[in-house]
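Undergrad: Input input-v6.cif, format and content: mmCIF, C-alpha atoms.
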```cif
data_target
loop_
_atom_site.label_atom_id
_atom_site.label_comp_id
_atom_site.auth_asym_id
_atom_site.auth_seq_id
_atom_site.Cartn_x
_atom_site.Cartn_y
_atom_site.Cartn_z
CA MET A 1 12.08 -64.99 -43.73
CA THR A 2 13.55 -66.88 -40.77
CA ASP A 3 13.41 -70.66 -40.52
CA LEU A 4 10.82 -70.38 -37.74
CA ALA A 5 8.67 -68.01 -39.77
CA THR A 6 8.77 -70.47 -42.67
CA LEU A 7 7.91 -73.31 -40.30
CA TYR A 8 4.93 -71.28 -39.06
CA GLN A 9 3.59 -71.26 -42.63
CA THR A 10 4.26 -74.94 -43.32
CA ASP A 11 4.00 -76.90 -40.03
CA TYR A 12 2.22 -75.05 -37.23
CA SER A 13 2.63 -77.88 -34.72
CA ALA A 14 6.39 -78.08 -35.25
CA TRP A 15 6.58 -74.28 -35.07
CA ALA A 16 4.78 -74.22 -31.73
CA LYS A 17 6.93 -77.04 -30.32
CA ARG A 18 10.14 -75.31 -31.41
CA ASN A 19 9.10 -71.99 -29.85
CA ALA A 20 8.24 -73.79 -26.60
CA GLU A 21 11.71 -75.40 -26.60
CA LEU A 22 13.32 -72.01 -27.16
CA LEU A 23 11.31 -70.48 -24.31
CA ARG A 24 12.31 -73.28 -21.93
CA ALA A 25 15.95 -72.75 -22.92
CA ARG A 26 15.50 -68.99 -22.42
CA ARG A 27 16.70 -68.36 -25.96
CA PHE A 28 14.47 -65.34 -26.40
CA ASP A 29 16.50 -63.91 -29.26
CA ALA A 30 15.68 -66.97 -31.41
CA LEU A 31 11.89 -66.81 -30.94
CA ASP A 32 9.48 -66.00 -33.77
CA ILE A 33 8.17 -62.96 -31.90
CA GLU A 34 6.01 -61.63 -34.75
CA HIS A 35 3.97 -64.82 -35.08
CA LEU A 36 3.88 -65.43 -31.31
CA LEU A 37 2.30 -62.01 -30.82
CA GLU A 38 -0.18 -62.73 -33.60
CA GLU A 39 -1.16 -66.05 -31.99
CA LEU A 40 -1.59 -64.46 -28.53
CA SER A 41 -3.75 -61.73 -30.00
CA ASP A 42 -5.90 -64.29 -31.81
CA MET A 43 -6.26 -66.31 -28.60
CA SER A 44 -7.61 -63.32 -26.69
CA LYS A 45 -10.13 -62.60 -29.47
CA SER A 46 -11.22 -66.22 -29.42
CA ASP A 47 -11.71 -66.14 -25.65
CA ARG A 48 -13.94 -63.08 -25.98
CA ARG A 49 -16.03 -64.75 -28.67
CA GLU A 50 -16.44 -67.85 -26.49
CA LEU A 51 -17.76 -65.69 -23.67
CA HIS A 52 -20.59 -64.52 -25.91
CA SER A 53 -21.40 -68.01 -27.25
CA PRO A 54 -24.43 -70.16 -26.31
CA GLN A 55 -22.17 -71.61 -23.48
CA PHE A 56 -22.52 -68.24 -21.75
CA ASP A 57 -26.30 -68.48 -21.92
CA GLU A 58 -26.11 -71.98 -20.42
CA ALA A 59 -23.92 -70.69 -17.60
CA ILE A 60 -26.41 -67.90 -16.89
CA ALA A 61 -29.28 -70.40 -16.78
CA GLY A 62 -27.40 -72.66 -14.35
CA ALA A 63 -26.35 -69.79 -12.11
CA TYR A 64 -29.84 -68.32 -12.14
CA SER A 65 -31.38 -71.63 -11.12
CA ALA A 66 -28.96 -71.91 -8.20
CA ALA A 67 -29.62 -68.28 -7.22
CA VAL A 68 -33.38 -68.86 -7.17
CA ARG A 69 -32.95 -71.88 -4.89
CA LEU A 70 -30.74 -69.85 -2.56
CA ALA A 71 -33.14 -66.88 -2.54
CA HIS A 72 -36.05 -69.24 -1.82
CA LYS A 73 -34.13 -70.82 1.05
CA GLU A 74 -33.04 -67.50 2.56
CA THR A 75 -36.29 -65.56 2.12
CA ARG A 76 -38.73 -68.48 2.50
CA LEU A 77 -40.69 -66.98 -0.39
CA PRO A 78 -42.46 -69.53 -2.60
CA LEU A 79 -40.47 -70.64 -5.65
CA ALA A 80 -43.31 -69.33 -7.81
CA THR A 81 -42.32 -65.81 -6.66
CA PHE A 82 -39.29 -65.94 -8.92
CA PRO A 83 -39.36 -66.05 -12.72
CA GLU A 84 -38.61 -69.50 -14.13
CA ARG A 85 -35.84 -68.11 -16.33
CA CYS A 86 -33.47 -65.22 -15.85
CA PRO A 87 -35.41 -62.16 -17.03
CA TYR A 88 -32.32 -60.20 -18.04
CA ALA A 89 -30.41 -60.23 -21.32
CA SER A 90 -26.73 -61.14 -21.20
CA GLU A 91 -25.87 -57.58 -22.27
CA GLN A 92 -27.70 -56.27 -19.20
CA LEU A 93 -25.92 -58.72 -16.90
CA LEU A 94 -22.54 -57.68 -18.27
CA SER A 95 -23.26 -53.95 -18.05
CA ASP A 96 -21.79 -52.01 -15.14
CA ASP A 97 -24.61 -49.49 -15.53
CA PHE A 98 -27.58 -51.88 -15.37
CA TYR A 99 -29.60 -51.95 -12.17
CA PRO A 100 -32.59 -54.36 -12.15
CA GLY A 101 -35.87 -52.74 -11.22
CA VAL A 102 -34.60 -49.21 -11.86
CA PRO A 103 -36.15 -47.52 -14.92
CA PRO A 104 -33.56 -46.90 -17.68
CA SER A 105 -34.14 -43.15 -17.40
CA LEU A 106 -32.93 -43.22 -13.77
CA GLN A 107 -29.91 -45.50 -14.32
CA PRO A 108 -26.46 -43.92 -14.42
#
```
Would you mind giving the structure from this file in structure tokens?
TA:
Amino acid sequence: MTDLATLYQTDYSAWAKRNAELLRARRFDALDIEHLLEELSDMSKSDRRELHSPQFDEAIAGAYSAAVRLAHKETRLPLATFPERCPYASEQLLSDDFYPGVPPSLQP
């Protein structure tokens, strides 16, 4: 096991700092590539999980509220015309195949 790989197991902060120094110095051959790849992979998984967290629901609620105000302003329809909360599930909003108001049997 290399010194950096051992450092990864014993002092993550020092390991990260040392790899950053090596990157700045362009000493690519000295990097702990295996653990760097593992960390990058874990970061991408974490980002995906965050997207599906309650923060996403809060973002939808905020965006929906702003969209209702804009639709009210542009159409001059009463605010009561629009549902108070977004009527769509987050899975529907993220789906490329979901079309509001179109029956599921007619959607692509």
Undergrad: For a test of reading the model, state the distance in Å between atom CA of A:Asp57 and atom CA of A:Glu91, rounded to one decimal.
TA: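 Here the two named atoms are 10.9 Å from each other.
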Undergrad: So, with all atoms listed in the file as the atoms that count, which of A:Asp3, A:Glu38, A:Glu21, A:Glu84 lies closest to A:Gly62?
TA: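 Smallest separation from A:Gly62 among the options: A:Glu84.
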Undergrad: In terms of the shortest atom-to-atom distance over all atoms listed in the file, which of A:Ser90, A:Tyr99, A:Thr81, A:Gln9 is closest to A:Ala59?
TA: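 Checking each candidate against A:Ala59, we get A:Ser90 as the closest.
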Undergrad: Can you list, as a list in words, the residues that the PyMOL selection byres ((chain A and resi 31) around 12) selects here?
TA: Thr2, Asp3, Leu4, Ala5, Tyr8, Trp15, Ala16, Lys17, Arg18, Asn19, Ala20, Glu21, Leu22, Leu23, Arg24, Ala25, Arg26, Arg27, Phe28, Asp29, Ala30, Asp32, Ile33, Glu34, His35, Leu36 and Leu37 of chain A
Undergrad: Residues within 12 Å of A:Cys86, please, as number ranges by chain. Count all atoms listed in the file; anything in the same chain fewer than 6 positions from it doesn't count.
TA: A: 57-68, 92-93, 100
Undergrad: A:Tyr88, A:Phe82, A:Phe98, A:Tyr12: which is nearest A:Glu39, counting only C-alpha atoms?
TA: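 Of A:Tyr88, A:Phe82, A:Phe98, A:Tyr12, the one nearest A:Glu39, counting only C-alpha atoms, is A:Tyr12.
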Undergrad: Between atom CA of A:Gly101 and atom CA of A:Ala80, what is the distance, to one decimal in Å?
TA: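 Distance reported for this atom pair: 18.5 Å.
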Undergrad: Could you tell me how far atom CA of A:Leu94 lies from atom CA of A:Glu74, in Å and to one decimal?
TA: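 Result for atom CA of A:Leu94 versus atom CA of A:Glu74: 25.3 Å, one decimal.
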Undergrad: For a quick check of understanding, using all atoms listed in the file, which of A:Leu70, A:Leu7, A:Ala89, A:Ala14 has the smallest distance to A:Phe56?
TA: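 Of all the options, A:Ala89 lies closest to A:Phe56.
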Undergrad: How would stretch 75-99 of chain A read, as a JSON list (two decimals), keeping the file's coordinate frame, once N, CA and C atoms are built in?
TA:
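The resulting part35.json:
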```
[["chain", "number", "residue", "atom", "x", "y", "z"],
["A", 75, "THR", "N", -35.14, -66.46, 1.90],
["A", 75, "THR", "CA", -36.29, -65.56, 2.12],
["A", 75, "THR", "C", -37.56, -66.32, 2.51],
["A", 76, "ARG", "N", -37.55, -67.62, 2.26],
["A", 76, "ARG", "CA", -38.73, -68.48, 2.50],
["A", 76, "ARG", "C", -39.92, -68.07, 1.63],
["A", 77, "LEU", "N", -39.64, -67.31, 0.57],
["A", 77, "LEU", "CA", -40.69, -66.98, -0.39],
["A", 77, "LEU", "C", -40.95, -68.21, -1.26],
["A", 78, "PRO", "N", -42.17, -68.38, -1.73],
["A", 78, "PRO", "CA", -42.46, -69.53, -2.60],
["A", 78, "PRO", "C", -41.63, -69.45, -3.89],
["A", 79, "LEU", "N", -41.24, -70.61, -4.41],
["A", 79, "LEU", "CA", -40.47, -70.64, -5.65],
["A", 79, "LEU", "C", -41.19, -69.93, -6.78],
["A", 80, "ALA", "N", -42.52, -69.97, -6.76],
["A", 80, "ALA", "CA", -43.31, -69.33, -7.81],
["A", 80, "ALA", "C", -43.15, -67.80, -7.81],
["A", 81, "THR", "N", -42.57, -67.25, -6.74],
["A", 81, "THR", "CA", -42.32, -65.81, -6.66],
["A", 81, "THR", "C", -41.30, -65.37, -7.72],
["A", 82, "PHE", "N", -40.40, -66.27, -8.03],
["A", 82, "PHE", "CA", -39.29, -65.94, -8.92],
["A", 82, "PHE", "C", -39.58, -66.40, -10.34],
["A", 83, "PRO", "N", -39.18, -65.62, -11.33],
["A", 83, "PRO", "CA", -39.36, -66.05, -12.72],
["A", 83, "PRO", "C", -38.64, -67.38, -12.96],
["A", 84, "GLU", "N", -39.21, -68.20, -13.84],
["A", 84, "GLU", "CA", -38.61, -69.50, -14.13],
["A", 84, "GLU", "C", -37.23, -69.35, -14.77],
["A", 85, "ARG", "N", -37.11, -68.35, -15.63],
["A", 85, "ARG", "CA", -35.84, -68.11, -16.33],
["A", 85, "ARG", "C", -35.35, -66.72, -15.98],
["A", 86, "CYS", "N", -34.06, -66.53, -16.11],
["A", 86, "CYS", "CA", -33.47, -65.22, -15.85],
["A", 86, "CYS", "C", -34.12, -64.19, -16.77],
["A", 87, "PRO", "N", -34.69, -63.14, -16.21],
["A", 87, "PRO", "CA", -35.41, -62.16, -17.03],
["A", 87, "PRO", "C", -34.52, -61.11, -17.70],
["A", 88, "TYR", "N", -33.23, -61.22, -17.52],
["A", 88, "TYR", "CA", -32.32, -60.20, -18.04],
["A", 88, "TYR", "C", -31.51, -60.74, -19.22],
["A", 89, "ALA", "N", -31.26, -59.88, -20.18],
["A", 89, "ALA", "CA", -30.41, -60.23, -21.32],
["A", 89, "ALA", "C", -28.96, -60.26, -20.88],
["A", 90, "SER", "N", -28.14, -61.05, -21.58],
["A", 90, "SER", "CA", -26.73, -61.14, -21.20],
["A", 90, "SER", "C", -26.05, -59.78, -21.25],
["A", 91, "GLU", "N", -26.46, -58.92, -22.18],
["A", 91, "GLU", "CA", -25.87, -57.58, -22.27],
["A", 91, "GLU", "C", -26.15, -56.79, -20.99],
["A", 92, "GLN", "N", -27.35, -56.96, -20.45],
["A", 92, "GLN", "CA", -27.70, -56.27, -19.20],
["A", 92, "GLN", "C", -26.84, -56.81, -18.05],
["A", 93, "LEU", "N", -26.69, -58.12, -17.99],
["A", 93, "LEU", "CA", -25.92, -58.72, -16.90],
["A", 93, "LEU", "C", -24.45, -58.31, -16.94],
["A", 94, "LEU", "N", -23.94, -58.06, -18.13],
["A", 94, "LEU", "CA", -22.54, -57.68, -18.27],
["A", 94, "LEU", "C", -22.31, -56.17, -18.15],
["A", 95, "SER", "N", -23.38, -55.41, -18.11],
["A", 95, "SER", "CA", -23.26, -53.95, -18.05],
["A", 95, "SER", "C", -23.03, -53.47, -16.62],
["A", 96, "ASP", "N", -22.04, -52.61, -16.45],
["A", 96, "ASP", "CA", -21.79, -52.01, -15.14],
["A", 96, "ASP", "C", -22.87, -51.00, -14.77],
["A", 97, "ASP", "N", -23.62, -50.54, -15.76],
["A", 97, "ASP", "CA", -24.61, -49.49, -15.53],
["A", 97, "ASP", "C", -26.04, -50.01, -15.42],
["A", 98, "PHE", "N", -26.23, -51.33, -15.44],
["A", 98, "PHE", "CA", -27.58, -51.88, -15.37],
["A", 98, "PHE", "C", -27.95, -52.20, -13.92],
["A", 99, "TYR", "N", -29.09, -51.68, -13.51],
["A", 99, "TYR", "CA", -29.60, -51.95, -12.17],
["A", 99, "TYR", "C", -31.02, -52.48, -12.29]]
```
